[in-house]
Amino acid sequence: MKCVIAVAALVAIAAGACNKDITVSTQADINTVNACTKFQGDVTIDGSEGISLTALSIDNLQQISGDLIIQNLYSLQTVSLGKLASAGSLKILNNTNLYKVAIPELTKVTDFQVITNPNLKVLTYNNISSVNNFQVIDTYVSSLGAFTASSVANIEVLSNTQLSALDFSAVKKTSGYINIANNDRASNITFSQLTQVGGNVSFGNAATLDISKLSSVSDDFSLYQNSFKNLSVPALETAKKSITLNQNLFSAISFPKVAEIGSSLDISNNTNFKSISSSTFPKLKSVPGSIVINGSLDNVTFPSLTTVDGQVQLSGTGKLSCDSAEKSFASVDSLNIECDLKVLPNNDDDSSDDSSNESGSGNSSSKKNSGSSHASNVHAVILGGVVAAIAACL
């Protein structure tokens, strides 16, 4: 086999096959690519071009300057890129029966895309140390390899229902977005060294989240449908667009350093979150857009807020009344507020206990009365039976 590859390599080099784009349509084309250790150009292996494979092995190729695209191969089950260490782009897309991909030597890649391979269970790479765009979307993988790149453009990990550990603790900054959601409901997301995000940030459906050093977000900051109890973003100072917290289960929120939001603030439908206290946004002074707060509200306090250019919209049911809410925004100039808060009955704890005890006594008493009535009925039935028996004997 080694001799075959060596001969093929000589033929490929002599023909200049390692220095031009190729669209693979036969096994011979694959052999040509596999004969190259370095490839200058793009390699496209696309099922729509007529090729059908169950296994793809390109284990001699070490470097490709362009794109390596493997897509629309609906019979493909395994991919082996045993020596590939660097690539311009690696795109493995829409291979519905693919269950294993091995790229053990890969360390450098501009664009890494593994998307819509719903049966992919094993994705093997030891360490990605340099990458621009990293995307793993719609797979069945339960783990990712090491990720040691400190600076990237974009990270997107979506809809991998078995993936629970997302460790990006080496990442310090991104020039673009981070979007991680709809993975395992018990997923743990770690960005413990992240300080700057050049685009938007969105985290969803996570059990834990560590963004303890994040200080600047250049676009929207969004959290939705997360199950952790406490949200703390202790270092964030700049949110250049909106902050949106929607349908989460946390009961406490803390943004101690945020002084200004570039657009709007939306805190809605977080069922366990009841109080925006003086420690939630203690330094927030200005919101050029709107503030929307919806939920079971007992308190709203923004101790430093002086400017809201848009409308303040409050709705929900709790202990907070519209009158109290408006007083909480008294320091805001030219306040435009729309309030639809419904106040729950405010029962005193002692009276609740008393009424609860009385209610319990009443129920107990009611049961006793019911038992006494039942006994009387039984006695009446028995007595009636005796009288009837005597009458029959006469």
# chains A, B, ... in the order shown; residues from 1 in each chain; ligands from 1
$ residues_around --residues "segment 113-125 of chain A" --least-positions-apart "2" --cutoff "8 Å" --atoms "only C-alpha atoms" --output "mmCIF file with N, CA, C and O atoms, in the first residue's frame"
data_model
loop_
_atom_site.group_PDB
_atom_site.id
_atom_site.type_symbol
_atom_site.label_atom_id
_atom_site.label_comp_id
_atom_site.auth_asym_id
_atom_site.auth_seq_id
_atom_site.Cartn_x
_atom_site.Cartn_y
_atom_site.Cartn_z
ATOM 1 N N SER A 89 -9.964 25.760 5.583
ATOM 2 C CA SER A 89 -11.280 25.492 6.152
ATOM 3 C C SER A 89 -11.533 23.996 6.121
ATOM 4 O O SER A 89 -11.181 23.322 5.154
ATOM 5 N N LEU A 90 -12.152 23.503 7.180
ATOM 6 C CA LEU A 90 -12.613 22.126 7.203
ATOM 7 C C LEU A 90 -14.118 22.166 7.436
ATOM 8 O O LEU A 90 -14.576 22.616 8.492
ATOM 9 N N LYS A 91 -14.868 21.726 6.433
ATOM 10 C CA LYS A 91 -16.323 21.798 6.504
ATOM 11 C C LYS A 91 -16.904 20.411 6.278
ATOM 12 O O LYS A 91 -16.764 19.838 5.194
ATOM 13 N N ILE A 92 -17.564 19.892 7.303
ATOM 14 C CA ILE A 92 -18.213 18.580 7.233
ATOM 15 C C ILE A 92 -19.701 18.837 7.436
ATOM 16 O O ILE A 92 -20.151 19.100 8.556
ATOM 17 N N LEU A 93 -20.458 18.795 6.353
ATOM 18 C CA LEU A 93 -21.808 19.345 6.348
ATOM 19 C C LEU A 93 -22.832 18.359 5.790
ATOM 20 O O LEU A 93 -22.623 17.765 4.723
ATOM 21 N N ASN A 94 -23.920 18.190 6.505
ATOM 22 C CA ASN A 94 -25.106 17.529 5.969
ATOM 23 C C ASN A 94 -24.829 16.101 5.489
ATOM 24 O O ASN A 94 -25.180 15.719 4.372
ATOM 25 N N ASN A 95 -24.232 15.322 6.390
ATOM 26 C CA ASN A 95 -24.001 13.904 6.111
ATOM 27 C C ASN A 95 -24.826 13.119 7.139
ATOM 28 O O ASN A 95 -24.370 12.897 8.268
ATOM 29 N N THR A 96 -26.004 12.716 6.771
ATOM 30 C CA THR A 96 -27.010 12.315 7.754
ATOM 31 C C THR A 96 -26.719 10.990 8.450
ATOM 32 O O THR A 96 -27.263 10.736 9.536
ATOM 33 N N ASN A 97 -25.891 10.115 7.869
ATOM 34 C CA ASN A 97 -25.571 8.833 8.504
ATOM 35 C C ASN A 97 -24.150 8.769 9.059
ATOM 36 O O ASN A 97 -23.737 7.728 9.561
ATOM 37 N N LEU A 98 -23.451 9.859 8.986
ATOM 38 C CA LEU A 98 -22.084 9.909 9.499
ATOM 39 C C LEU A 98 -22.091 9.768 11.021
ATOM 40 O O LEU A 98 -22.812 10.494 11.711
ATOM 41 N N TYR A 99 -21.283 8.818 11.552
ATOM 42 C CA TYR A 99 -21.255 8.659 13.005
ATOM 43 C C TYR A 99 -19.858 8.812 13.611
ATOM 44 O O TYR A 99 -19.732 8.919 14.827
ATOM 45 N N LYS A 100 -18.809 8.864 12.789
ATOM 46 C CA LYS A 100 -17.465 9.001 13.349
ATOM 47 C C LYS A 100 -16.578 9.852 12.446
ATOM 48 O O LYS A 100 -16.501 9.618 11.246
ATOM 49 N N VAL A 101 -15.894 10.839 13.065
ATOM 50 C CA VAL A 101 -14.914 11.662 12.367
ATOM 51 C C VAL A 101 -13.645 11.693 13.213
ATOM 52 O O VAL A 101 -13.681 12.054 14.391
ATOM 53 N N ALA A 102 -12.519 11.318 12.611
ATOM 54 C CA ALA A 102 -11.238 11.319 13.309
ATOM 55 C C ALA A 102 -10.267 12.261 12.615
ATOM 56 O O ALA A 102 -9.928 12.071 11.442
ATOM 57 N N ILE A 103 -9.853 13.304 13.357
ATOM 58 C CA ILE A 103 -8.859 14.276 12.862
ATOM 59 C C ILE A 103 -7.838 14.470 13.988
ATOM 60 O O ILE A 103 -7.700 15.569 14.533
ATOM 61 N N PRO A 104 -7.138 13.427 14.383
ATOM 62 C CA PRO A 104 -6.350 13.460 15.619
ATOM 63 C C PRO A 104 -5.221 14.477 15.646
ATOM 64 O O PRO A 104 -4.833 14.942 16.727
ATOM 65 N N GLU A 105 -4.683 14.860 14.484
ATOM 66 C CA GLU A 105 -3.521 15.752 14.444
ATOM 67 C C GLU A 105 -3.883 17.216 14.212
ATOM 68 O O GLU A 105 -3.003 18.085 14.221
ATOM 69 N N LEU A 106 -5.143 17.523 14.015
ATOM 70 C CA LEU A 106 -5.535 18.890 13.651
ATOM 71 C C LEU A 106 -5.259 19.869 14.790
ATOM 72 O O LEU A 106 -5.721 19.679 15.917
ATOM 73 N N ASP A 111 -11.448 28.007 9.403
ATOM 74 C CA ASP A 111 -12.873 27.782 9.662
ATOM 75 C C ASP A 111 -13.106 26.297 9.939
ATOM 76 O O ASP A 111 -12.794 25.447 9.096
ATOM 77 N N ASN A 127 -6.355 18.759 19.895
ATOM 78 C CA ASN A 127 -6.161 20.119 20.394
ATOM 79 C C ASN A 127 -6.215 21.120 19.254
ATOM 80 O O ASN A 127 -5.359 21.114 18.374
ATOM 81 N N ILE A 128 -7.202 21.983 19.277
ATOM 82 C CA ILE A 128 -7.259 23.087 18.314
ATOM 83 C C ILE A 128 -6.661 24.317 18.997
ATOM 84 O O ILE A 128 -7.240 24.862 19.934
ATOM 85 N N ASN A 133 -13.105 30.738 12.977
ATOM 86 C CA ASN A 133 -14.518 30.443 13.234
ATOM 87 C C ASN A 133 -14.658 28.975 13.636
ATOM 88 O O ASN A 133 -14.205 28.083 12.921
ATOM 89 N N PHE A 134 -15.323 28.735 14.754
ATOM 90 C CA PHE A 134 -15.513 27.374 15.262
ATOM 91 C C PHE A 134 -17.009 27.125 15.417
ATOM 92 O O PHE A 134 -17.686 27.804 16.182
ATOM 93 N N GLN A 135 -17.517 26.131 14.671
ATOM 94 C CA GLN A 135 -18.945 25.836 14.701
ATOM 95 C C GLN A 135 -19.171 24.326 14.762
ATOM 96 O O GLN A 135 -18.695 23.576 13.911
ATOM 97 N N VAL A 136 -19.902 23.899 15.768
ATOM 98 C CA VAL A 136 -20.378 22.515 15.875
ATOM 99 C C VAL A 136 -21.881 22.605 16.127
ATOM 100 O O VAL A 136 -22.315 23.054 17.196
ATOM 101 N N ILE A 137 -22.671 22.192 15.134
ATOM 102 C CA ILE A 137 -24.117 22.418 15.172
ATOM 103 C C ILE A 137 -24.858 21.165 14.717
ATOM 104 O O ILE A 137 -24.521 20.573 13.680
ATOM 105 N N ASP A 138 -25.849 20.782 15.494
ATOM 106 C CA ASP A 138 -26.739 19.677 15.126
ATOM 107 C C ASP A 138 -25.991 18.365 14.927
ATOM 108 O O ASP A 138 -25.949 17.800 13.832
ATOM 109 N N THR A 139 -25.388 17.888 16.012
ATOM 110 C CA THR A 139 -24.737 16.577 16.014
ATOM 111 C C THR A 139 -25.216 15.808 17.248
ATOM 112 O O THR A 139 -26.006 16.312 18.051
ATOM 113 N N TYR A 140 -24.672 14.584 17.417
ATOM 114 C CA TYR A 140 -24.990 13.755 18.578
ATOM 115 C C TYR A 140 -23.744 13.537 19.435
ATOM 116 O O TYR A 140 -23.701 12.631 20.259
ATOM 117 N N VAL A 141 -22.714 14.366 19.255
ATOM 118 C CA VAL A 141 -21.463 14.187 20.001
ATOM 119 C C VAL A 141 -21.676 14.493 21.480
ATOM 120 O O VAL A 141 -22.477 15.364 21.849
ATOM 121 N N SER A 142 -20.946 13.751 22.319
ATOM 122 C CA SER A 142 -21.059 13.958 23.766
ATOM 123 C C SER A 142 -19.845 14.677 24.339
ATOM 124 O O SER A 142 -19.856 15.057 25.518
ATOM 125 N N SER A 143 -18.806 14.880 23.531
ATOM 126 C CA SER A 143 -17.618 15.586 24.020
ATOM 127 C C SER A 143 -16.877 16.226 22.852
ATOM 128 O O SER A 143 -17.011 15.804 21.699
ATOM 129 N N LEU A 144 -16.099 17.255 23.188
ATOM 130 C CA LEU A 144 -15.241 17.935 22.222
ATOM 131 C C LEU A 144 -13.791 17.764 22.644
ATOM 132 O O LEU A 144 -13.502 17.515 23.818
ATOM 133 N N GLY A 145 -12.881 17.925 21.703
ATOM 134 C CA GLY A 145 -11.468 17.864 22.036
ATOM 135 C C GLY A 145 -11.013 19.129 22.735
ATOM 136 O O GLY A 145 -11.796 20.056 22.990
ATOM 137 N N ALA A 146 -9.724 19.183 23.053
ATOM 138 C CA ALA A 146 -9.173 20.360 23.735
ATOM 139 C C ALA A 146 -9.219 21.576 22.813
ATOM 140 O O ALA A 146 -9.074 21.468 21.595
#
$ residues_around --residues "Gly47 of chain A" --least-positions-apart "3" --cutoff "9 Å" --atoms "only C-alpha atoms" --output "compact mmCIF listing (two decimals) with N, CA, C and O atoms, in the first residue's frame"
# COMPACT_ATOMS: atom_id res chain seq x y z
N SER A 25 -15.16 13.21 -7.80
CA SER A 25 -16.31 12.48 -8.32
C SER A 25 -16.07 10.97 -8.39
O SER A 25 -17.00 10.20 -8.64
N GLY A 50 -22.44 13.23 -7.52
CA GLY A 50 -22.58 11.87 -8.02
C GLY A 50 -21.78 10.82 -7.28
O GLY A 50 -21.95 9.62 -7.52
N ILE A 51 -20.90 11.23 -6.38
CA ILE A 51 -20.09 10.25 -5.67
C ILE A 51 -20.85 9.75 -4.44
O ILE A 51 -21.56 10.52 -3.77
N SER A 52 -20.72 8.45 -4.13
CA SER A 52 -21.36 7.86 -2.97
C SER A 52 -20.32 7.06 -2.20
O SER A 52 -19.63 6.22 -2.78
N LEU A 53 -20.20 7.31 -0.91
CA LEU A 53 -19.18 6.66 -0.08
C LEU A 53 -19.79 6.21 1.23
O LEU A 53 -20.69 6.86 1.77
N ILE A 70 -16.59 18.28 2.88
CA ILE A 70 -17.17 16.94 2.80
C ILE A 70 -18.66 17.11 3.10
O ILE A 70 -19.04 17.38 4.25
N GLN A 71 -19.52 16.97 2.09
CA GLN A 71 -20.92 17.31 2.31
C GLN A 71 -21.88 16.49 1.43
O GLN A 71 -21.52 15.96 0.38
N ASN A 72 -23.11 16.39 1.95
CA ASN A 72 -24.22 15.77 1.21
C ASN A 72 -23.93 14.32 0.81
O ASN A 72 -24.39 13.84 -0.23
N LEU A 73 -23.18 13.61 1.66
CA LEU A 73 -22.88 12.20 1.43
C LEU A 73 -23.75 11.38 2.37
O LEU A 73 -23.37 11.12 3.52
N TYR A 74 -24.91 10.99 1.91
CA TYR A 74 -25.93 10.44 2.79
C TYR A 74 -25.67 8.99 3.20
O TYR A 74 -26.30 8.49 4.14
$ residues_around --residues "Ala206 of chain A" --least-positions-apart "6" --cutoff "9 Å" --atoms "only C-alpha atoms" --output "VMD selection string"
chain A and resid 164 180 to 189 224 to 228
$ write_last_selection --atoms "C-alpha atoms" --output "compact mmCIF listing (two decimals), in the first residue's frame"
# COMPACT_ATOMS: atom_id res chain seq x y z
CA SER A 164 -22.58 18.60 28.32
CA ILE A 180 -24.02 28.53 22.65
CA ALA A 181 -27.46 26.98 23.22
CA ASN A 182 -29.71 23.96 22.95
CA ASN A 183 -27.08 21.45 23.98
CA ASP A 184 -27.48 18.97 26.87
CA ARG A 185 -29.76 20.45 29.56
CA ALA A 186 -27.01 19.71 32.07
CA SER A 187 -24.35 21.49 30.02
CA ASN A 188 -21.55 23.34 31.80
CA ILE A 189 -20.17 26.33 29.90
CA TYR A 224 -32.33 32.50 27.88
CA GLN A 225 -33.76 29.27 29.27
CA ASN A 226 -30.82 28.60 31.59
CA SER A 227 -31.33 26.52 34.72
CA PHE A 228 -28.63 27.84 37.06
$ closest_residue --among "A:Ser80, A:Thr238, A:Ser130, A:Ser86" --to "Leu214 of chain A" --atoms "only C-alpha atoms"
A:Thr238
$ select_by_dssp --residues "segment 80-301 of chain A" --states "strand (DSSP E or B)" --output "PyMOL selection string"
chain A and resi 80+86-93+100-102+108-115+122-124+127-128+130-137+146-147+151-152+154-158+165-167+173-174+178-181+188-190+196-197+201-204+208-210+216-217+221-224+230-232+238-239+243-246+252-254+260-261+265-268+275-276+286-287+291-294+299-300
$ atom_distance --atom1 "atom CA of Ser304 of chain A" --atom2 "atom CA of Lys241 of chain A"
19.2 Å
$ residues_around --residues "Ala55 of chain A" --least-positions-apart "4" --cutoff "6 Å" --atoms "only C-alpha atoms" --output "number ranges by chain"
A: 76-78
$ closest_residue --among "A:Ser290, A:Thr54, A:Asn299, A:Ser321" --to "Leu335 of chain A" --atoms "only C-alpha atoms"
A:Ser290
$ decode --residues "segment 57-72 of chain A" --atoms "N, CA and C atoms" --output "PDB file, in the first residue's frame"
ATOM      1  N   SER A  57     -11.266   7.909   3.670  1.00  0.00           N
ATOM      2  CA  SER A  57      -9.951   7.963   4.318  1.00  0.00           C
ATOM      3  C   SER A  57      -8.995   8.780   3.462  1.00  0.00           C
ATOM      4  N   ILE A  58      -8.527   9.869   4.039  1.00  0.00           N
ATOM      5  CA  ILE A  58      -7.470  10.666   3.407  1.00  0.00           C
ATOM      6  C   ILE A  58      -6.399  10.834   4.488  1.00  0.00           C
ATOM      7  N   ASP A  59      -5.596   9.816   4.652  1.00  0.00           N
ATOM      8  CA  ASP A  59      -4.699   9.741   5.802  1.00  0.00           C
ATOM      9  C   ASP A  59      -3.255  10.130   5.500  1.00  0.00           C
ATOM     10  N   ASN A  60      -2.979  10.529   4.252  1.00  0.00           N
ATOM     11  CA  ASN A  60      -1.633  10.975   3.920  1.00  0.00           C
ATOM     12  C   ASN A  60      -1.514  12.502   3.920  1.00  0.00           C
ATOM     13  N   LEU A  61      -2.625  13.184   3.714  1.00  0.00           N
ATOM     14  CA  LEU A  61      -2.643  14.652   3.612  1.00  0.00           C
ATOM     15  C   LEU A  61      -2.357  15.287   4.967  1.00  0.00           C
ATOM     16  N   GLN A  62      -1.392  16.210   4.984  1.00  0.00           N
ATOM     17  CA  GLN A  62      -1.005  16.888   6.224  1.00  0.00           C
ATOM     18  C   GLN A  62      -1.432  18.357   6.256  1.00  0.00           C
ATOM     19  N   GLN A  63      -1.421  18.998   5.111  1.00  0.00           N
ATOM     20  CA  GLN A  63      -1.768  20.417   5.047  1.00  0.00           C
ATOM     21  C   GLN A  63      -2.609  20.691   3.804  1.00  0.00           C
ATOM     22  N   ILE A  64      -3.598  21.572   3.962  1.00  0.00           N
ATOM     23  CA  ILE A  64      -4.341  22.069   2.811  1.00  0.00           C
ATOM     24  C   ILE A  64      -4.541  23.564   3.008  1.00  0.00           C
ATOM     25  N   SER A  65      -4.159  24.330   2.005  1.00  0.00           N
ATOM     26  CA  SER A  65      -4.232  25.795   2.145  1.00  0.00           C
ATOM     27  C   SER A  65      -5.639  26.328   1.949  1.00  0.00           C
ATOM     28  N   GLY A  66      -6.453  25.603   1.205  1.00  0.00           N
ATOM     29  CA  GLY A  66      -7.811  26.048   0.925  1.00  0.00           C
ATOM     30  C   GLY A  66      -8.834  25.314   1.765  1.00  0.00           C
ATOM     31  N   ASP A  67      -9.985  25.059   1.166  1.00  0.00           N
ATOM     32  CA  ASP A  67     -11.087  24.403   1.861  1.00  0.00           C
ATOM     33  C   ASP A  67     -11.079  22.899   1.597  1.00  0.00           C
ATOM     34  N   LEU A  68     -11.342  22.139   2.647  1.00  0.00           N
ATOM     35  CA  LEU A  68     -11.651  20.721   2.499  1.00  0.00           C
ATOM     36  C   LEU A  68     -13.117  20.561   2.892  1.00  0.00           C
ATOM     37  N   ILE A  69     -13.956  20.275   1.903  1.00  0.00           N
ATOM     38  CA  ILE A  69     -15.403  20.227   2.105  1.00  0.00           C
ATOM     39  C   ILE A  69     -15.899  18.806   1.880  1.00  0.00           C
ATOM     40  N   ILE A  70     -16.590  18.283   2.877  1.00  0.00           N
ATOM     41  CA  ILE A  70     -17.173  16.943   2.805  1.00  0.00           C
ATOM     42  C   ILE A  70     -18.657  17.107   3.101  1.00  0.00           C
ATOM     43  N   GLN A  71     -19.523  16.966   2.088  1.00  0.00           N
ATOM     44  CA  GLN A  71     -20.922  17.307   2.310  1.00  0.00           C
ATOM     45  C   GLN A  71     -21.878  16.491   1.434  1.00  0.00           C
ATOM     46  N   ASN A  72     -23.107  16.392   1.949  1.00  0.00           N
ATOM     47  CA  ASN A  72     -24.216  15.766   1.205  1.00  0.00           C
ATOM     48  C   ASN A  72     -23.929  14.317   0.811  1.00  0.00           C
TER      49      ASN A  72
END
